[in-house]
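Participant: For reference, the structure I am asking about is given below.
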Amino acid sequence: MASSTELAVTAEFAGVVIAIRHGADEQVGAGTPLIVLEAMKMEHEVIASTDGVVRRVAVTVGETVEEGQLLLVLEPGRAAADDGRPARRPSAPEHAGERADLAAVRERHEIGLDAARPDAVARRHERAQRTARENLADLLDEGSFVEYGPLIFAAQERRRSREELIARTPADGLVAGVGEVEGRPVVAMSYDYTVLAGTQGMRNHLKKDRLFDVAERRRLPVVLFAEGGGGRPGDVDMPIVAGLDCRAFALFAGLSGLVPLVGIASGYCFAGNAALLGCCDVVIATEDSSIGMGGPAMIEGGGLGVHDPADVGPIEMQYRNGVVDLRAADEREAVQLARRYLSYFRGALQPGRVADQDRLRSLVPEERKRIYEVRTVVESLFDEGSVLELRGGWGPGMLTSLARMEGRPLGVVANDPTHLGGAIDADGADKAARFLQLCDAFDLPVLFLCDTPGFMVGPAAEATGAVRHFSRLFVTGANLSVPTGTIVLRKGYGLGAQAMAGGGFKAPLFTIAWPTSEFGAMGLEGAVRLGMRRELEAIEDPEERERVFQDTVAAAHERGRGLSMAAYGEIDDVIDPADSRRWVAMLFDEATGEWWRRAGKKRPNVDAW
């Protein structure tokens, strides 16, 4: 027992005494370790709470003690009084050098950095390409990147030494993590072509799985740099036969419609890498890209001939056929386009400058058969510099663009009268229907700019499966949950015009027209030829027949003018084009574009095509 002037030091928990730092009559200072106890494989120091002298040690090394058991007796305040010597105090931690464990961690991380791989970096630069880390650094705000799985390496220890794998397969060829773009978090990942040709290894598949889960839980957009050669057969450490049970493709595809997915292709992008790329909402590709579901080895293995990688799916082909949405000169421009695309999915920004709206009055010619540039109309109507056209190389009769009005994002679907007079063909219908899905999934209102003589008809059109393709516009438009509006710039004829209004002129929040507008159940000339065939055939004089025909067309045109349509209530108004923005503003509310606030998906997915 300790006297009234002594301090009893007891065990705070049960454990084993593994060290006694100070014996009887030793002077100690406050904070000095006295005894070390081990419990649950962890060592715990018993610390002196005051200066003093150890008077008695009540335990021995190896002894098991219980909670509250006396360990030693300390007489406080006597440390400096007995012989004038100062009490023994704990020594300050040494700072002579970095701890070995921290140094080992730093070294492992540095092995995978570009600075440690100058030869690989030089080879990329010789091809006028950047490294995976350079692209991610350009995409993400400075200092925002938190990398996942940088210490993994290829699953090939049965073939190669661990030291070689650590040095030559850093991050298993996939640099990935979470960073920010303009202050908003995104999941960003880049296959590293300098590591086993950017192939998909078993461990980097698991890393993707991990980050796809993070994207789902945090509702984060995903940006994927997809350069690489597809599956990797050399990962022999995993007990697999074909590896077809990997989850990455299902998990990534499952994000469609939940978060924006951006894919970037530079160089060769084949097989599994191309499959992931094709799941993305938008595909951005550089001029040196070649994209294909099978690379040269797979093509040759299938008995389909020998092909150079650059010839499998060059940019000219993939931009023209609709695989590529945005075409970039190089990786630098591709990253800029990715950042710009993402900006439409972060809600409202500061309002931009607006062009002189009086200009809209003269962009559609008074001569009803004269073509004009609908892109000029779009660029003039919305905030300056805010229009981003998607899939511009394919389906030329249909314009699909993201834009902003007063800083608020929306989608724009417009007919282009320079192609087939604005008639909607199968490609144009598919292009518009898929774009509507994208806007609906992420709460972007849609403005239709209608100038169409209707759907393209005839045997050649029907050979493309037009009936089904055209109907995609109806079933998609009729099931949109976002606000829509339609402005008829000139022609609004038949089923095609109804498709440019979500199924009919009463489906949008508004259907209005410019003074140049004209309407009909079908094209005026065709309607007159069909409706007056007998009367026209009865006129023997060809000149008289043509005069009667033109007069009848003119009368039909007068009846089908926008003013007449509005007078009968079939459209909401005919307006001064300069007033268009006031109507478009009706499409917006406070929640426009704030898709991340929803609990789940609005649509099952955004169609890959």
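Within each chain, counting starts at residue 1; across the structure tokens, chains are named A, B, ... in the order shown, with ligands numbered 1 upward in that order.
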Output as number ranges by chain all residues of stretch 302-370 of chain A that backbone DSSP marks as alpha helix (DSSP H).
Facilitator: A: 315-320, 331-343
Participant: Please list as a ChimeraX atom specification every residue within 6 Å of A:Leu7, counting only C-alpha atoms and excluding residues in the same chain fewer than 5 positions away.
Facilitator: /A:73-75
Participant: Compare A:Ala116, A:Ala48, A:Leu196, A:Met40 by their minimum atom-to-atom distance to A:Val28, counting only C-alpha atoms, and give me the closest one.
Facilitator: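 Going through A:Ala116, A:Ala48, A:Leu196, A:Met40 one by one, the smallest distance to A:Val28 is for A:Ala48.
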Participant: Going by DSSP on the backbone, which bits of stretch 430-607 of chain A are strand (DSSP E)? Write them as a list of chain:residue names, please.
Facilitator: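 For stretch 430-607 of chain A, the strand (DSSP E) set is A:Val446, A:Leu447, A:Phe448, A:Leu449, A:Cys450, A:Asp451, A:Thr452, A:Thr484, A:Gly485, A:Thr486, A:Ile487, A:Val488, A:Leu489, A:Arg490, A:Lys491, A:Gly492, A:Tyr493, A:Phe510, A:Thr511, A:Ile512, A:Ala513, A:Glu518, A:Phe519, A:Gly520, A:Asp573, A:Val574.
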Participant: So what do you get for atom CA of A:Pro33 versus atom CA of A:Val46, distance-wise?
Facilitator: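 Interatomic distance, atom CA of A:Pro33 to atom CA of A:Val46: 5.7 Å.
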Participant: Excluding A:Lys207 and residues on its chain fewer than 6 positions from it, collect all residues at most 12 Å away from it, counting only C-alpha atoms, and give them as a PyMOL selection string.
Facilitator: chain A and resi 147-153+171-177+187-191+200-201+213-214+246-248+251
Participant: Using N, CA and C atoms, can you export the residues from the last selection as an mmCIF file, in the first residue's frame?
Facilitator:
data_model
loop_
_atom_site.group_PDB
_atom_site.id
_atom_site.type_symbol
_atom_site.label_atom_id
_atom_site.label_comp_id
_atom_site.auth_asym_id
_atom_site.auth_seq_id
_atom_site.Cartn_x
_atom_site.Cartn_y
_atom_site.Cartn_z
ATOM 1 N N GLU A 147 -4.844 9.291 -55.716
ATOM 2 C CA GLU A 147 -4.697 8.083 -56.532
ATOM 3 C C GLU A 147 -5.054 6.830 -55.741
ATOM 4 N N TYR A 148 -5.771 5.935 -56.385
ATOM 5 C CA TYR A 148 -6.099 4.635 -55.821
ATOM 6 C C TYR A 148 -5.181 3.574 -56.443
ATOM 7 N N GLY A 149 -4.677 2.682 -55.633
ATOM 8 C CA GLY A 149 -3.942 1.522 -56.114
ATOM 9 C C GLY A 149 -2.647 1.809 -56.851
ATOM 10 N N PRO A 150 -1.856 2.819 -56.449
ATOM 11 C CA PRO A 150 -0.619 3.069 -57.190
ATOM 12 C C PRO A 150 0.459 2.010 -56.957
ATOM 13 N N LEU A 151 0.318 1.184 -55.923
ATOM 14 C CA LEU A 151 1.378 0.234 -55.582
ATOM 15 C C LEU A 151 1.161 -1.159 -56.157
ATOM 16 N N ILE A 152 0.045 -1.381 -56.822
ATOM 17 C CA ILE A 152 -0.159 -2.712 -57.386
ATOM 18 C C ILE A 152 0.724 -2.895 -58.622
ATOM 19 N N PHE A 153 0.932 -4.136 -58.983
ATOM 20 C CA PHE A 153 1.723 -4.458 -60.184
ATOM 21 C C PHE A 153 1.091 -5.669 -60.851
ATOM 22 N N ALA A 171 1.428 0.447 -61.036
ATOM 23 C CA ALA A 171 -0.027 0.642 -60.993
ATOM 24 C C ALA A 171 -0.761 -0.350 -61.883
ATOM 25 N N ASP A 172 -0.067 -1.414 -62.306
ATOM 26 C CA ASP A 172 -0.602 -2.411 -63.236
ATOM 27 C C ASP A 172 -1.156 -1.764 -64.504
ATOM 28 N N GLY A 173 -0.540 -0.651 -64.901
ATOM 29 C CA GLY A 173 -0.899 -0.048 -66.184
ATOM 30 C C GLY A 173 -2.169 0.765 -66.180
ATOM 31 N N LEU A 174 -2.700 1.118 -64.999
ATOM 32 C CA LEU A 174 -3.897 1.953 -64.932
ATOM 33 C C LEU A 174 -3.727 2.967 -63.810
ATOM 34 N N VAL A 175 -3.554 4.222 -64.182
ATOM 35 C CA VAL A 175 -3.454 5.300 -63.196
ATOM 36 C C VAL A 175 -4.860 5.816 -62.952
ATOM 37 N N ALA A 176 -5.327 5.757 -61.715
ATOM 38 C CA ALA A 176 -6.738 6.033 -61.453
ATOM 39 C C ALA A 176 -6.948 6.607 -60.067
ATOM 40 N N GLY A 177 -7.997 7.409 -59.939
ATOM 41 C CA GLY A 177 -8.314 7.972 -58.637
ATOM 42 C C GLY A 177 -9.432 8.986 -58.747
ATOM 43 N N VAL A 187 -14.258 10.957 -60.987
ATOM 44 C CA VAL A 187 -13.371 9.799 -61.056
ATOM 45 C C VAL A 187 -12.630 9.888 -62.382
ATOM 46 N N ALA A 188 -11.319 9.780 -62.325
ATOM 47 C CA ALA A 188 -10.501 9.879 -63.538
ATOM 48 C C ALA A 188 -9.547 8.703 -63.595
ATOM 49 N N MET A 189 -9.441 8.088 -64.761
ATOM 50 C CA MET A 189 -8.545 6.942 -64.912
ATOM 51 C C MET A 189 -7.962 6.914 -66.317
ATOM 52 N N SER A 190 -6.725 6.471 -66.393
ATOM 53 C CA SER A 190 -6.049 6.435 -67.681
ATOM 54 C C SER A 190 -5.239 5.163 -67.812
ATOM 55 N N TYR A 191 -5.530 4.395 -68.851
ATOM 56 C CA TYR A 191 -4.644 3.286 -69.170
ATOM 57 C C TYR A 191 -3.284 3.845 -69.578
ATOM 58 N N GLN A 200 -5.472 -4.699 -70.262
ATOM 59 C CA GLN A 200 -6.314 -4.815 -69.074
ATOM 60 C C GLN A 200 -5.891 -6.035 -68.270
ATOM 61 N N GLY A 201 -5.203 -5.773 -67.159
ATOM 62 C CA GLY A 201 -4.764 -6.844 -66.280
ATOM 63 C C GLY A 201 -5.799 -7.145 -65.220
ATOM 64 N N ASP A 213 -17.396 1.735 -58.151
ATOM 65 C CA ASP A 213 -18.228 1.735 -56.953
ATOM 66 C C ASP A 213 -18.198 3.106 -56.284
ATOM 67 N N VAL A 214 -17.018 3.722 -56.224
ATOM 68 C CA VAL A 214 -16.911 5.073 -55.658
ATOM 69 C C VAL A 214 -17.757 6.056 -56.473
ATOM 70 N N CYS A 246 -15.020 -11.319 -64.949
ATOM 71 C CA CYS A 246 -14.607 -10.026 -64.383
ATOM 72 C C CYS A 246 -15.808 -9.073 -64.416
ATOM 73 N N ARG A 247 -15.875 -8.177 -63.449
ATOM 74 C CA ARG A 247 -17.079 -7.382 -63.251
ATOM 75 C C ARG A 247 -16.985 -5.990 -63.866
ATOM 76 N N ALA A 248 -15.823 -5.600 -64.367
ATOM 77 C CA ALA A 248 -15.604 -4.209 -64.763
ATOM 78 C C ALA A 248 -16.587 -3.719 -65.817
ATOM 79 N N LEU A 251 -20.116 -3.295 -64.333
ATOM 80 C CA LEU A 251 -20.163 -2.176 -63.387
ATOM 81 C C LEU A 251 -20.103 -0.838 -64.115
#
Participant: Find the distance between atom CA of A:Ser362 and atom CA of A:Val377 and write it in Å to one decimal.
Facilitator: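 Between these atoms lies a distance of 9.8 Å.
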Participant: Each residue of stretch 493-521 of chain A lying at most 8 Å from stretch 465-476 of chain A should get a row with its shortest atom-to-atom pair and the distance in Å to one decimal, counting only C-alpha atoms; could you produce that, ordered by chain and increasing number, as a tab-separated table?
Facilitator:
residue	atom	partner	partner_atom	distance
A:Ala499	CA	A:Phe474	CA	5.8
A:Gly502	CA	A:Phe474	CA	6.4
A:Gly503	CA	A:Phe474	CA	5.4
Participant: Deliver the residues from the most recent selection as a file, using all heavy atoms, as a PDB file, in the first residue's frame.
Facilitator:
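The resulting again35.pdb:
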ATOM      1  N   ALA A 499     -42.255  14.861 -84.763  1.00  0.00           N
ATOM      2  CA  ALA A 499     -41.125  14.264 -84.049  1.00  0.00           C
ATOM      3  C   ALA A 499     -40.203  15.333 -83.476  1.00  0.00           C
ATOM      4  O   ALA A 499     -39.578  15.127 -82.426  1.00  0.00           O
ATOM      5  CB  ALA A 499     -40.339  13.338 -84.981  1.00  0.00           C
ATOM      6  N   GLY A 502     -41.440  16.311 -79.876  1.00  0.00           N
ATOM      7  CA  GLY A 502     -41.696  15.272 -78.892  1.00  0.00           C
ATOM      8  C   GLY A 502     -42.932  14.455 -79.172  1.00  0.00           C
ATOM      9  O   GLY A 502     -43.457  13.788 -78.279  1.00  0.00           O
ATOM     10  N   GLY A 503     -43.425  14.477 -80.408  1.00  0.00           N
ATOM     11  CA  GLY A 503     -44.567  13.664 -80.783  1.00  0.00           C
ATOM     12  C   GLY A 503     -45.747  14.452 -81.309  1.00  0.00           C
ATOM     13  O   GLY A 503     -46.638  13.900 -81.942  1.00  0.00           O
TER      14      GLY A 503
END
Participant: Pick the closest to A:Gly392 from A:Ala215, A:Val323, A:Leu410, A:Val457: which is it, counting only C-alpha atoms?
Facilitator: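 The shortest atom-to-atom distance to A:Gly392 comes from A:Val323.
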Participant: Need to verify the contact set: A:Asp311, 10 Å, only C-alpha atoms, exclusion of same-chain residues closer than 3 positions in sequence. Can you return it as a short mmCIF file (atom, residue, chain, number, x, y, z; two decimals) with N, CA and C atoms, in the first residue's frame?
Facilitator:
data_model
loop_
_atom_site.label_atom_id
_atom_site.label_comp_id
_atom_site.auth_asym_id
_atom_site.auth_seq_id
_atom_site.Cartn_x
_atom_site.Cartn_y
_atom_site.Cartn_z
N SER A 289 -5.83 8.47 -83.54
CA SER A 289 -6.47 7.33 -82.90
C SER A 289 -6.89 6.28 -83.91
N SER A 290 -6.97 5.05 -83.42
CA SER A 290 -7.54 3.94 -84.19
C SER A 290 -8.32 3.10 -83.20
N ILE A 291 -9.62 2.98 -83.41
CA ILE A 291 -10.52 2.36 -82.44
C ILE A 291 -11.16 1.14 -83.08
N GLY A 292 -11.12 0.02 -82.38
CA GLY A 292 -11.73 -1.18 -82.93
C GLY A 292 -12.04 -2.21 -81.87
N GLY A 295 -8.11 -5.80 -82.22
CA GLY A 295 -6.88 -5.29 -82.77
C GLY A 295 -6.33 -6.19 -83.86
N PRO A 296 -5.18 -5.84 -84.44
CA PRO A 296 -4.62 -6.63 -85.53
C PRO A 296 -4.42 -8.10 -85.20
N HIS A 307 -3.63 -6.59 -90.88
CA HIS A 307 -3.91 -5.16 -90.98
C HIS A 307 -2.98 -4.37 -90.06
N ASP A 308 -2.59 -3.22 -90.50
CA ASP A 308 -1.83 -2.31 -89.65
C ASP A 308 -2.77 -1.73 -88.60
N PRO A 314 -9.57 4.11 -88.09
CA PRO A 314 -9.00 5.45 -88.07
C PRO A 314 -10.06 6.51 -87.79
N ILE A 315 -9.61 7.68 -87.41
CA ILE A 315 -10.52 8.75 -87.00
C ILE A 315 -11.48 9.14 -88.11
N MET A 317 -12.91 7.35 -90.33
CA MET A 317 -14.00 6.37 -90.34
C MET A 317 -14.89 6.53 -89.11
#
Participant: Can you tell me, as a list in words, what residues are no more than 6 Å from stretch 440-448 of chain A when counting only C-alpha atoms, ignoring any on the same chain fewer than 6 positions away?
Facilitator: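 Near stretch 440-448 of chain A, the qualifying residues are Gly257, Leu410, Gly411, Val412, Val413, Ala414, Val482, Pro483, Thr484, Gly485, Thr486, Met500, Thr592, Gly593, Trp595, Lys602 and Arg603 of chain A.
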Participant: Got time to write the residues from that selection, N, CA and C atoms, as a short mmCIF file (atom, residue, chain, number, x, y, z; two decimals), in the first residue's frame?
Facilitator:
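Result went into out34.cif, see below:
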data_model
loop_
_atom_site.label_atom_id
_atom_site.label_comp_id
_atom_site.auth_asym_id
_atom_site.auth_seq_id
_atom_site.Cartn_x
_atom_site.Cartn_y
_atom_site.Cartn_z
N GLY A 257 -26.40 6.52 -67.46
CA GLY A 257 -27.64 7.14 -67.04
C GLY A 257 -27.64 7.59 -65.60
N LEU A 410 -28.57 23.39 -71.47
CA LEU A 410 -29.69 22.70 -72.11
C LEU A 410 -29.19 21.98 -73.35
N GLY A 411 -30.06 21.15 -73.93
CA GLY A 411 -29.75 20.49 -75.17
C GLY A 411 -30.51 21.11 -76.32
N VAL A 412 -29.91 21.10 -77.50
CA VAL A 412 -30.52 21.68 -78.70
C VAL A 412 -30.53 20.64 -79.81
N VAL A 413 -31.69 20.42 -80.40
CA VAL A 413 -31.84 19.52 -81.55
C VAL A 413 -32.39 20.34 -82.70
N ALA A 414 -31.66 20.38 -83.82
CA ALA A 414 -32.06 21.23 -84.93
C ALA A 414 -31.92 20.49 -86.25
N VAL A 482 -37.98 15.87 -68.97
CA VAL A 482 -37.45 17.24 -68.89
C VAL A 482 -38.33 18.17 -69.71
N PRO A 483 -38.33 19.46 -69.40
CA PRO A 483 -39.11 20.41 -70.20
C PRO A 483 -38.57 20.49 -71.63
N THR A 484 -39.47 20.61 -72.59
CA THR A 484 -39.07 20.79 -73.98
C THR A 484 -39.85 21.95 -74.59
N GLY A 485 -39.27 22.53 -75.61
CA GLY A 485 -39.93 23.57 -76.37
C GLY A 485 -39.54 23.45 -77.82
N THR A 486 -40.38 23.93 -78.73
CA THR A 486 -40.11 23.86 -80.16
C THR A 486 -40.28 25.23 -80.79
N MET A 500 -40.14 16.49 -84.15
CA MET A 500 -39.32 17.60 -83.65
C MET A 500 -40.04 18.40 -82.58
N THR A 592 -32.58 22.72 -62.72
CA THR A 592 -32.10 22.34 -64.05
C THR A 592 -30.66 21.84 -63.99
N GLY A 593 -30.45 20.64 -64.48
CA GLY A 593 -29.10 20.08 -64.59
C GLY A 593 -28.52 19.55 -63.30
N TRP A 595 -28.60 16.80 -61.64
CA TRP A 595 -28.88 15.37 -61.64
C TRP A 595 -28.34 14.66 -60.42
N LYS A 602 -32.95 8.08 -63.55
CA LYS A 602 -34.23 8.41 -64.16
C LYS A 602 -34.53 7.45 -65.31
N ARG A 603 -33.50 7.09 -66.05
CA ARG A 603 -33.63 6.15 -67.16
C ARG A 603 -32.72 4.96 -66.88
#
Participant: Could you give me, as a Markdown table, every stretch 144-237 of chain A residue with an atom at most 9 Å from stretch 271-277 of chain A, plus its closest atom pair and distance in Å to one decimal, counting only C-alpha atoms, rows ordered by chain then number?
Facilitator:
| residue | atom | partner | partner_atom | distance |
| --- | --- | --- | --- | --- |
| A:Tyr191 | CA | A:Asn273 | CA | 8.6 |
| A:Gly198 | CA | A:Asn273 | CA | 8.7 |
| A:Thr199 | CA | A:Asn273 | CA | 7.9 |
| A:Gln200 | CA | A:Gly272 | CA | 7.4 |
| A:Leu224 | CA | A:Leu277 | CA | 7.5 |
| A:Phe225 | CA | A:Leu277 | CA | 8.4 |
| A:Ala226 | CA | A:Asn273 | CA | 5.4 |
| A:Glu227 | CA | A:Asn273 | CA | 6.7 |
| A:Gly228 | CA | A:Asn273 | CA | 6.0 |
| A:Gly229 | CA | A:Ala271 | CA | 6.5 |
| A:Gly230 | CA | A:Gly272 | CA | 4.3 |
| A:Gly231 | CA | A:Gly272 | CA | 6.1 |
Participant: Of the candidates A:Lys491, A:Arg359, A:Arg391, A:Arg346, which shows the shortest atom-to-atom distance to A:Asn321, using only C-alpha atoms?
Facilitator: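 Comparing A:Lys491, A:Arg359, A:Arg391, A:Arg346 against A:Asn321, the winner is A:Arg391.
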Participant: So the first atom is atom CA of A:Glu518 and the second is atom CA of A:Ile424; what is the distance between them in Å, to one decimal place?
Facilitator: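 Going from atom CA of A:Glu518 over to atom CA of A:Ile424 covers 17.1 Å.
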Participant: If we count only C-alpha atoms and set the cut-off at 9 Å, which residues sit around A:Phe510, ignoring sequence neighbours fewer than 2 positions away in its own chain? Please answer as a ChimeraX atom specification.
Facilitator: /A:484-487,505-508,512,571-573,583-584,586
Participant: Which residue, A:Ala554, A:Ala242, A:Val223, A:Val374, has the smallest gap to A:Ala265 when you use only C-alpha atoms?
Facilitator: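 Answer, going by the shortest atom-to-atom distance: A:Val223.
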